[in-house]
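What follows is the content of run_15.cif (mmCIF, C-alpha atoms).
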data_target
loop_
_atom_site.label_atom_id
_atom_site.label_comp_id
_atom_site.auth_asym_id
_atom_site.auth_seq_id
_atom_site.Cartn_x
_atom_site.Cartn_y
_atom_site.Cartn_z
CA MET A 16 -0.57 20.47 -11.64
CA PRO A 17 -3.00 17.52 -12.19
CA THR A 18 -6.19 17.45 -10.12
CA TYR A 19 -5.05 14.75 -7.71
CA LEU A 20 -1.67 16.27 -6.90
CA LYS A 21 -2.10 18.71 -4.00
CA PRO A 22 0.96 20.85 -3.14
CA ASP A 23 0.45 20.68 0.64
CA VAL A 24 0.10 16.89 0.63
CA LEU A 25 3.09 16.40 -1.66
CA ALA A 26 5.32 18.76 0.32
CA ARG A 27 4.53 16.94 3.57
CA ALA A 28 5.00 13.50 2.02
CA GLU A 29 8.30 14.40 0.33
CA SER A 30 9.70 15.78 3.58
CA LEU A 31 9.13 12.38 5.24
CA GLY A 32 9.84 9.92 2.42
CA LEU A 33 8.62 6.37 1.97
CA MET A 34 11.40 3.87 2.58
CA ALA A 35 10.82 0.13 2.31
CA LYS A 36 10.69 -1.41 5.79
CA GLN A 37 11.75 -4.87 4.71
CA VAL A 38 13.91 -6.51 2.07
CA VAL A 39 12.75 -5.79 -1.48
CA GLU A 40 13.96 -6.88 -4.91
CA GLY A 41 14.73 -3.99 -7.21
CA LEU A 42 15.87 -3.56 -10.78
CA ARG A 43 18.74 -1.17 -10.05
CA VAL A 44 20.86 0.06 -7.20
CA GLY A 45 18.88 2.49 -5.07
CA ASP A 46 17.97 3.18 -1.46
CA HIS A 47 16.37 0.04 -0.02
CA LYS A 48 17.58 -3.32 1.27
CA SER A 49 17.99 -6.00 -1.38
CA PRO A 50 18.22 -9.78 -0.95
CA TYR A 51 21.02 -9.84 -3.50
CA LYS A 52 24.62 -9.83 -2.31
CA GLY A 53 27.12 -7.39 -3.76
CA PHE A 54 29.93 -5.11 -2.65
CA SER A 55 28.03 -2.16 -1.33
CA VAL A 56 27.46 -0.77 2.17
CA GLU A 57 26.59 -3.29 4.87
CA PHE A 58 28.68 -6.43 5.52
CA VAL A 59 26.70 -9.68 5.40
CA GLN A 60 29.04 -12.69 5.20
CA HIS A 61 32.25 -14.22 3.84
CA ARG A 62 32.50 -16.63 0.94
CA GLU A 63 35.43 -18.52 -0.51
CA TYR A 64 37.53 -16.72 -3.12
CA VAL A 65 37.28 -18.10 -6.68
CA PRO A 66 39.46 -17.12 -9.64
CA GLY A 67 38.08 -14.03 -11.30
CA ASP A 68 36.94 -12.33 -8.08
CA ASP A 69 38.23 -8.80 -7.51
CA ILE A 70 41.18 -9.14 -5.13
CA ARG A 71 40.26 -5.79 -3.56
CA HIS A 72 37.46 -7.61 -1.72
CA ILE A 73 39.69 -10.29 -0.16
CA ASP A 74 39.59 -10.19 3.64
CA TRP A 75 43.30 -10.20 4.44
CA LYS A 76 42.72 -10.32 8.19
CA SER A 77 40.73 -13.50 7.76
CA TYR A 78 43.51 -14.88 5.55
CA GLY A 79 46.03 -14.15 8.31
CA ARG A 80 44.00 -16.25 10.73
CA SER A 81 43.01 -19.13 8.46
CA GLU A 82 45.40 -18.94 5.48
CA ARG A 83 42.34 -19.21 3.26
CA TYR A 84 41.27 -16.58 0.76
CA THR A 85 37.76 -15.30 1.47
CA ILE A 86 35.70 -12.51 -0.02
CA LYS A 87 33.64 -10.05 1.99
CA GLN A 88 30.06 -9.83 0.76
CA TYR A 89 27.86 -6.83 1.43
CA GLU A 90 24.14 -6.20 1.15
CA GLN A 91 23.23 -4.00 -1.76
CA GLU A 92 20.76 -1.19 -1.68
CA THR A 93 18.06 -1.37 -4.32
CA ASN A 94 14.98 0.41 -5.61
CA TYR A 95 11.54 -1.05 -5.06
CA ILE A 96 8.41 -1.56 -7.11
CA ALA A 97 5.21 -0.35 -5.46
CA HIS A 98 1.86 -1.73 -6.54
CA VAL A 99 -0.92 0.78 -5.83
CA LEU A 100 -4.38 -0.84 -5.87
CA VAL A 101 -7.48 1.37 -5.79
CA ASP A 102 -10.99 0.06 -5.11
CA ILE A 103 -13.51 1.70 -7.50
CA SER A 104 -16.58 -0.32 -6.54
CA ASN A 105 -19.92 1.42 -6.03
CA SER A 106 -19.61 1.60 -2.24
CA MET A 107 -16.65 3.97 -2.73
CA ARG A 108 -19.14 6.55 -4.10
CA TYR A 109 -20.31 7.48 -0.62
CA GLY A 110 -19.69 11.05 0.56
CA SER A 111 -19.66 14.44 -1.10
CA ARG A 112 -16.86 16.70 -2.29
CA GLU A 113 -13.67 16.14 -0.30
CA THR A 114 -15.28 13.48 1.93
CA ASN A 115 -16.18 11.23 -1.01
CA LYS A 116 -14.35 7.96 -0.44
CA LEU A 117 -13.31 7.39 -4.03
CA GLU A 118 -12.02 10.93 -4.48
CA TYR A 119 -10.08 10.58 -1.23
CA ALA A 120 -8.66 7.25 -2.41
CA LYS A 121 -7.63 8.73 -5.76
CA LEU A 122 -5.89 11.64 -4.05
CA LEU A 123 -4.04 9.20 -1.78
CA ALA A 124 -3.03 6.99 -4.71
CA ALA A 125 -1.73 9.94 -6.73
CA SER A 126 0.18 11.33 -3.75
CA LEU A 127 1.84 7.99 -2.98
CA SER A 128 2.73 7.48 -6.64
CA TYR A 129 4.28 10.93 -6.94
CA LEU A 130 6.30 10.45 -3.76
CA ILE A 131 7.59 7.04 -4.82
CA ILE A 132 8.59 8.19 -8.30
CA ARG A 133 10.24 11.34 -6.96
CA GLN A 134 12.53 9.16 -4.85
CA ARG A 135 13.44 7.15 -7.99
CA ASP A 136 11.37 4.05 -7.24
CA SER A 137 8.76 2.48 -9.52
CA VAL A 138 4.97 2.43 -9.34
CA ALA A 139 2.38 0.16 -10.95
CA LEU A 140 -1.26 1.25 -10.69
CA ARG A 141 -4.29 -1.03 -10.75
CA VAL A 142 -7.92 -0.01 -10.20
CA PHE A 143 -10.51 -2.68 -9.52
CA ASN A 144 -14.05 -3.60 -8.58
CA ASP A 145 -14.97 -7.24 -9.27
CA ALA A 146 -12.15 -7.36 -11.85
CA TRP A 147 -9.16 -5.26 -12.86
CA ALA A 148 -10.70 -2.18 -14.50
CA ALA A 149 -7.37 -0.60 -15.53
CA GLU A 150 -3.72 -1.49 -15.13
CA LEU A 151 -0.55 0.54 -15.66
CA PRO A 152 2.82 -1.27 -15.62
CA ALA A 153 5.55 -0.18 -13.25
CA SER A 154 7.69 2.81 -14.18
CA SER A 155 9.98 5.23 -12.39
CA GLN A 156 9.80 7.91 -15.08
CA LEU A 157 8.40 11.25 -13.91
CA GLY A 158 6.05 11.30 -16.90
CA HIS A 159 4.40 8.18 -15.49
CA ILE A 160 2.64 10.47 -13.00
CA ASN A 161 0.64 11.97 -15.87
CA ALA A 162 -0.50 8.50 -16.96
CA ILE A 163 -1.49 7.61 -13.39
CA THR A 164 -3.48 10.80 -12.80
CA HIS A 165 -5.17 10.40 -16.19
CA VAL A 166 -6.38 6.91 -15.28
CA LEU A 167 -7.57 8.14 -11.87
CA GLU A 168 -9.41 11.10 -13.38
CA GLU A 169 -11.14 8.93 -15.99
CA THR A 170 -12.14 6.16 -13.59
CA GLN A 171 -15.76 6.07 -12.37
CA PRO A 172 -17.19 3.81 -9.63
CA ARG A 173 -19.22 0.80 -10.69
CA ASP A 174 -20.14 -2.76 -9.72
CA LYS A 175 -19.36 -4.68 -6.56
CA THR A 176 -15.93 -5.30 -5.10
CA ARG A 177 -14.13 -8.64 -5.16
CA ILE A 178 -10.93 -8.12 -3.22
CA GLY A 179 -9.76 -11.59 -2.19
CA PRO A 180 -9.59 -13.38 -5.58
CA LEU A 181 -7.94 -10.37 -7.23
CA LEU A 182 -5.25 -10.13 -4.54
CA ASP A 183 -4.63 -13.88 -4.82
CA GLU A 184 -4.21 -13.50 -8.58
CA LEU A 185 -1.84 -10.58 -8.08
CA ALA A 186 0.24 -12.52 -5.54
CA ASP A 187 0.76 -15.22 -8.17
CA ARG A 188 1.55 -12.70 -10.91
CA ILE A 189 4.20 -10.52 -9.28
CA SER A 190 7.31 -12.49 -8.45
CA ARG A 191 9.65 -9.65 -7.47
CA ARG A 192 9.30 -8.64 -3.84
CA GLY A 193 8.03 -5.11 -3.35
CA LEU A 194 5.36 -3.00 -1.69
CA VAL A 195 1.62 -3.44 -2.15
CA PHE A 196 -0.70 -0.57 -1.18
CA LEU A 197 -4.37 -1.58 -1.02
CA ILE A 198 -6.71 1.45 -0.88
CA SER A 199 -10.25 0.30 -0.21
CA ASP A 200 -13.26 0.50 2.11
CA CYS A 201 -12.98 -3.32 2.32
CA PHE A 202 -16.74 -3.84 2.00
CA ASP A 203 -16.27 -7.48 1.12
CA ASP A 204 -15.99 -10.73 3.04
CA PRO A 205 -13.29 -9.94 5.65
CA GLU A 206 -11.99 -13.51 5.92
CA THR A 207 -11.43 -13.76 2.16
CA THR A 208 -9.72 -10.37 2.13
CA LEU A 209 -7.46 -11.21 5.08
CA ALA A 210 -6.54 -14.58 3.56
CA ALA A 211 -5.45 -12.82 0.36
CA LEU A 212 -3.41 -10.28 2.32
CA ARG A 213 -1.68 -13.21 4.06
CA HIS A 214 -0.98 -14.68 0.62
CA LEU A 215 0.84 -11.49 -0.39
CA ARG A 216 2.82 -11.54 2.87
CA PHE A 217 3.70 -15.20 2.26
CA ARG A 218 5.17 -14.06 -1.05
CA LYS A 219 7.41 -11.68 0.96
CA HIS A 220 5.76 -8.43 -0.14
CA GLU A 221 5.41 -5.55 2.28
CA VAL A 222 1.67 -4.87 2.42
CA ILE A 223 -0.12 -1.70 3.55
CA LEU A 224 -3.90 -1.50 3.80
CA PHE A 225 -5.32 2.02 3.68
CA HIS A 226 -8.85 1.43 4.99
CA VAL A 227 -10.81 4.40 3.63
CA LEU A 228 -14.08 5.08 5.46
CA HIS A 229 -16.58 7.91 5.75
CA GLN A 230 -17.41 9.40 9.14
CA ASP A 231 -21.03 8.27 8.75
CA GLU A 232 -19.89 4.67 8.41
CA VAL A 233 -17.77 4.80 11.55
CA GLU A 234 -19.93 6.94 13.85
CA PHE A 235 -23.44 6.66 12.32
CA PRO A 236 -24.39 10.23 13.36
CA LEU A 237 -27.62 10.20 11.37
CA ASP A 238 -31.03 11.21 12.68
CA GLY A 239 -34.63 11.65 11.54
CA ASN A 240 -36.31 9.45 8.96
CA ILE A 241 -33.69 8.26 6.47
CA ARG A 242 -34.00 6.27 3.26
CA PHE A 243 -30.95 3.99 2.96
CA ILE A 244 -29.96 3.03 -0.59
CA GLY A 245 -27.73 0.02 -1.12
CA LEU A 246 -24.85 0.97 -3.40
CA GLU A 247 -23.93 -2.61 -4.27
CA GLY A 248 -27.27 -4.29 -4.86
CA PHE A 249 -29.05 -4.18 -1.51
CA GLU A 250 -32.67 -3.13 -1.25
CA GLU A 251 -33.70 0.35 -0.13
CA LEU A 252 -34.76 0.73 3.49
CA MET A 253 -36.65 3.46 5.31
CA SER A 254 -35.65 3.70 8.94
CA ARG A 255 -35.00 5.92 11.95
CA PRO A 256 -31.21 5.73 12.49
CA HIS A 257 -31.28 6.39 16.24
CA LEU A 258 -33.10 3.06 16.68
CA LEU A 259 -30.43 1.23 14.68
CA ARG A 260 -27.39 3.03 16.07
CA PRO A 261 -26.47 0.76 19.04
CA ALA A 262 -26.68 -2.46 17.01
CA TYR A 263 -24.98 -0.84 14.01
CA LEU A 264 -22.04 0.43 16.06
CA ARG A 265 -21.55 -2.96 17.70
CA ALA A 266 -21.49 -4.63 14.29
CA VAL A 267 -19.17 -2.10 12.64
CA ASN A 268 -16.77 -2.08 15.59
CA ARG A 269 -16.55 -5.91 15.48
CA TYR A 270 -15.85 -5.69 11.77
CA LEU A 271 -13.15 -3.01 12.17
CA ALA A 272 -11.53 -4.90 15.05
CA ALA A 273 -11.46 -8.11 13.00
CA ILE A 274 -9.81 -6.37 10.04
CA GLN A 275 -7.19 -4.69 12.22
CA LYS A 276 -6.48 -7.85 14.24
CA GLY A 277 -6.12 -9.88 11.05
CA CYS A 278 -3.70 -7.36 9.58
CA ASP A 279 -1.66 -7.12 12.78
CA GLY A 280 -1.41 -10.91 12.96
CA SER A 281 -0.17 -11.13 9.36
CA GLY A 282 2.36 -8.31 9.47
CA VAL A 283 0.21 -6.05 7.28
CA ASP A 284 0.35 -2.33 8.04
CA TYR A 285 -3.23 -1.28 8.81
CA VAL A 286 -4.00 2.42 8.33
CA ARG A 287 -7.56 3.61 8.90
CA MET A 288 -8.36 6.80 7.03
CA VAL A 289 -11.64 8.57 7.71
CA THR A 290 -12.38 11.04 4.95
CA ASN A 291 -13.33 13.98 7.19
CA ARG A 292 -9.67 14.19 8.23
CA PRO A 293 -7.47 16.04 5.71
CA LEU A 294 -5.21 13.69 3.77
CA VAL A 295 -2.17 15.85 4.53
CA VAL A 296 -2.70 15.02 8.23
CA SER A 297 -3.53 11.31 7.92
CA LEU A 298 -0.80 10.51 5.39
CA GLY A 299 1.72 12.59 7.32
CA GLU A 300 0.97 10.68 10.53
CA TYR A 301 1.43 7.36 8.76
CA LEU A 302 4.77 8.36 7.23
CA VAL A 303 6.00 9.58 10.63
CA ARG A 304 5.10 6.18 12.13
CA ARG A 305 7.10 4.46 9.39
CA LEU A 306 10.10 6.62 10.18
CA GLN A 307 9.79 5.85 13.88
CA THR A 308 9.53 2.08 13.41
CA GLY A 309 12.30 1.97 10.82
CA ARG A 310 13.19 -1.00 8.67
CA ARG A 311 12.13 -4.42 9.81
#
Written form, structure tokens:
Amino acid sequence: MPTYLKPDVLARAESLGLMAKQVVEGLRVGDHKSPYKGFSVEFVQHREYVPGDDIRHIDWKSYGRSERYTIKQYEQETNYIAHVLVDISNSMRYGSRETNKLEYAKLLAASLSYLIIRQRDSVALRVFNDAWAAELPASSQLGHINAITHVLEETQPRDKTRIGPLLDELADRISRRGLVFLISDCFDDPETTLAALRHLRFRKHEVILFHVLHQDEVEFPLDGNIRFIGLEGFEELMSRPHLLRPAYLRAVNRYLAAIQKGCDGSGVDYVRMVTNRPLVVSLGEYLVRRLQTGRR
């Protein structure tokens, strides 16, 4: 099994599933709500009969009341296309082993992709920093997992991140409504990022932000004399963290609150993932919440 496919994570994810919570536009009949009308499961409306329509769908009760031939239309079920976006900027390098943010993000991306393809939906993968570093088109073929994991395994962190303009570009590029998963530490201008997320929502996509952070970034539990090294171009700084901690925590909590408030106000699912928590737990909790809230 490829490096980024962990049996415990996949088993938990598959047991819960990942249904679309809003209307999506698919390429074939599947399991999720479609905006296209057909003759499937859930009744939507009547329309006037025209020659060539299948007479099996005539509503004879309605005809008895109005003496007009009408057709029952139903809402089709469809598959969805998921766009998995992984931040590979230098700030994602922070952490070691299983708490490394980029490795955690890759594991999450691979797990989501596997789950989506296993339920016969399609996944497109994009990795980015200040530009798109690699892109894989959408596919629902099981072999696509190998291509996704290969790209993730070969990808190394570099450069700064540039989230807003890339999301705006993506919103203009993908016309078919689907799901967009952004996996990032969001170390960029929050207003630009939130505006781009709103752009995707305006285009009727369901958007999920997996905000991947290290425990050090959230709690700042450092002590002693520490040399801080900027991963995206900032100067090095020698300091005693306990002197900085109160101001740092105020600033980071304002930042986190602003990101979450902006997502909540735009209808974006906000999921904070701190890398010291096992992915099987964090991802499982998120999928349970989706099941509990159901389709919107």
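Non-sequential neighbours of A:Lys219 (distance at most 8 Å, separation of 2 or more positions within a chain, all atoms listed in the file) are A:Arg192, A:Gly193, A:Leu215, A:Arg216, A:Phe217, A:Glu221.
Among the candidates A:Arg133, A:Arg173, A:Lys121, A:Arg305, the one nearest to A:Ala146 when counting only C-alpha atoms is A:Arg173.
You can rank A:Glu206, A:Glu113, A:Asp174, A:Glu82 by their closest distance to A:Ala273 using all atoms listed in the file, and at the top of that list sits A:Glu206.
Residues lying within 6 Å of stretch 151-158 of chain A, counting only C-alpha atoms and ignoring same-chain neighbours fewer than 3 positions away, are Ile132, Arg135, Asp136, Ser137, Val138, Ala139, Leu140 and Asn161 of chain A.
One distance worth recording is that between atom CA of A:Ser190 and atom CA of A:His159, which is 22.0 Å.
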Check your understanding: Please, what distance in Å, to one decimal, runs between atom CA of A:Thr18 and atom CA of A:His98?
Key -> 21.1 Å
Point to revise | Reference answer for the PyMOL selection byres ((chain A and resi 247) around 6), as a ChimeraX atom specification | key: /A:105,175,245-246,248
Practice item. Find the residues near A:Gly179: any atom within 9 Å, counting all atoms listed in the file, skip ones fewer than 2 places away on the same chain, and give them as a PyMOL selection string. Key: chain A and resi 177+181-184+203-212
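Nearest to A:Leu25 of all the residues A:Leu130, A:Val142, A:Leu224, A:Val267 is A:Leu130, based on all atoms listed in the file.
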Exercise for review: Using the chain letters and residue numbers of this document, give as a PyMOL selection string the residues selected by the PyMOL selection byres ((chain A and resi 109) around 12).
Suggested key: chain A and resi 103-108+110-120+172+200+227-232+243-247+290
How would the residues just chosen look if you wrote them out with C-alpha atoms as a PDB file, keeping the file's coordinate frame?
ATOM      1  CA  ILE A 103     -13.510   1.700  -7.500  1.00  0.00           C
ATOM      2  CA  SER A 104     -16.580  -0.320  -6.540  1.00  0.00           C
ATOM      3  CA  ASN A 105     -19.920   1.420  -6.030  1.00  0.00           C
ATOM      4  CA  SER A 106     -19.610   1.600  -2.240  1.00  0.00           C
ATOM      5  CA  MET A 107     -16.650   3.970  -2.730  1.00  0.00           C
ATOM      6  CA  ARG A 108     -19.140   6.550  -4.100  1.00  0.00           C
ATOM      7  CA  GLY A 110     -19.690  11.050   0.560  1.00  0.00           C
ATOM      8  CA  SER A 111     -19.660  14.440  -1.100  1.00  0.00           C
ATOM      9  CA  ARG A 112     -16.860  16.700  -2.290  1.00  0.00           C
ATOM     10  CA  GLU A 113     -13.670  16.140  -0.300  1.00  0.00           C
ATOM     11  CA  THR A 114     -15.280  13.480   1.930  1.00  0.00           C
ATOM     12  CA  ASN A 115     -16.180  11.230  -1.010  1.00  0.00           C
ATOM     13  CA  LYS A 116     -14.350   7.960  -0.440  1.00  0.00           C
ATOM     14  CA  LEU A 117     -13.310   7.390  -4.030  1.00  0.00           C
ATOM     15  CA  GLU A 118     -12.020  10.930  -4.480  1.00  0.00           C
ATOM     16  CA  TYR A 119     -10.080  10.580  -1.230  1.00  0.00           C
ATOM     17  CA  ALA A 120      -8.660   7.250  -2.410  1.00  0.00           C
ATOM     18  CA  PRO A 172     -17.190   3.810  -9.630  1.00  0.00           C
ATOM     19  CA  ASP A 200     -13.260   0.500   2.110  1.00  0.00           C
ATOM     20  CA  VAL A 227     -10.810   4.400   3.630  1.00  0.00           C
ATOM     21  CA  LEU A 228     -14.080   5.080   5.460  1.00  0.00           C
ATOM     22  CA  HIS A 229     -16.580   7.910   5.750  1.00  0.00           C
ATOM     23  CA  GLN A 230     -17.410   9.400   9.140  1.00  0.00           C
ATOM     24  CA  ASP A 231     -21.030   8.270   8.750  1.00  0.00           C
ATOM     25  CA  GLU A 232     -19.890   4.670   8.410  1.00  0.00           C
ATOM     26  CA  PHE A 243     -30.950   3.990   2.960  1.00  0.00           C
ATOM     27  CA  ILE A 244     -29.960   3.030  -0.590  1.00  0.00           C
ATOM     28  CA  GLY A 245     -27.730   0.020  -1.120  1.00  0.00           C
ATOM     29  CA  LEU A 246     -24.850   0.970  -3.400  1.00  0.00           C
ATOM     30  CA  GLU A 247     -23.930  -2.610  -4.270  1.00  0.00           C
ATOM     31  CA  THR A 290     -12.380  11.040   4.950  1.00  0.00           C
TER      32      THR A 290
END
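The two atoms in question, atom CA of A:Leu237 and atom CA of A:Ser254, are spaced 10.6 Å apart.
Proximity to A:Leu271 at 12 Å, evaluated using all atoms listed in the file and with sequence-adjacent residues fewer than 2 positions away removed, yields Asp200, Cys201, Phe202, Pro205, His226, Val227, Leu228, Glu232, Val233, Leu264, Arg265, Ala266, Val267, Asn268, Arg269, Ala273, Ile274, Gln275, Lys276, Gly277, Cys278, Tyr285, Val286 and Arg287 of chain A.
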Exercise for review: Counting only C-alpha atoms, figure out which residue out of A:Ile189, A:Leu123, A:Ile96, A:Ala149 gets nearest to A:Ser297.
Suggested key: A:Leu123
Could you tell me, as an mmCIF file with C-alpha atoms, keeping the file's coordinate frame, exactly which residues end up selected when the PyMOL selection byres ((chain A and resi 295) around 8) is applied to this structure?
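Below is the file selection26.cif, written as the result:
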data_model
loop_
_atom_site.group_PDB
_atom_site.id
_atom_site.type_symbol
_atom_site.label_atom_id
_atom_site.label_comp_id
_atom_site.auth_asym_id
_atom_site.auth_seq_id
_atom_site.Cartn_x
_atom_site.Cartn_y
_atom_site.Cartn_z
ATOM 1 C CA ASP A 23 0.450 20.680 0.640
ATOM 2 C CA VAL A 24 0.100 16.890 0.630
ATOM 3 C CA ARG A 27 4.530 16.940 3.570
ATOM 4 C CA ALA A 28 5.000 13.500 2.020
ATOM 5 C CA PRO A 293 -7.470 16.040 5.710
ATOM 6 C CA LEU A 294 -5.210 13.690 3.770
ATOM 7 C CA VAL A 296 -2.700 15.020 8.230
ATOM 8 C CA SER A 297 -3.530 11.310 7.920
ATOM 9 C CA LEU A 298 -0.800 10.510 5.390
ATOM 10 C CA GLY A 299 1.720 12.590 7.320
#
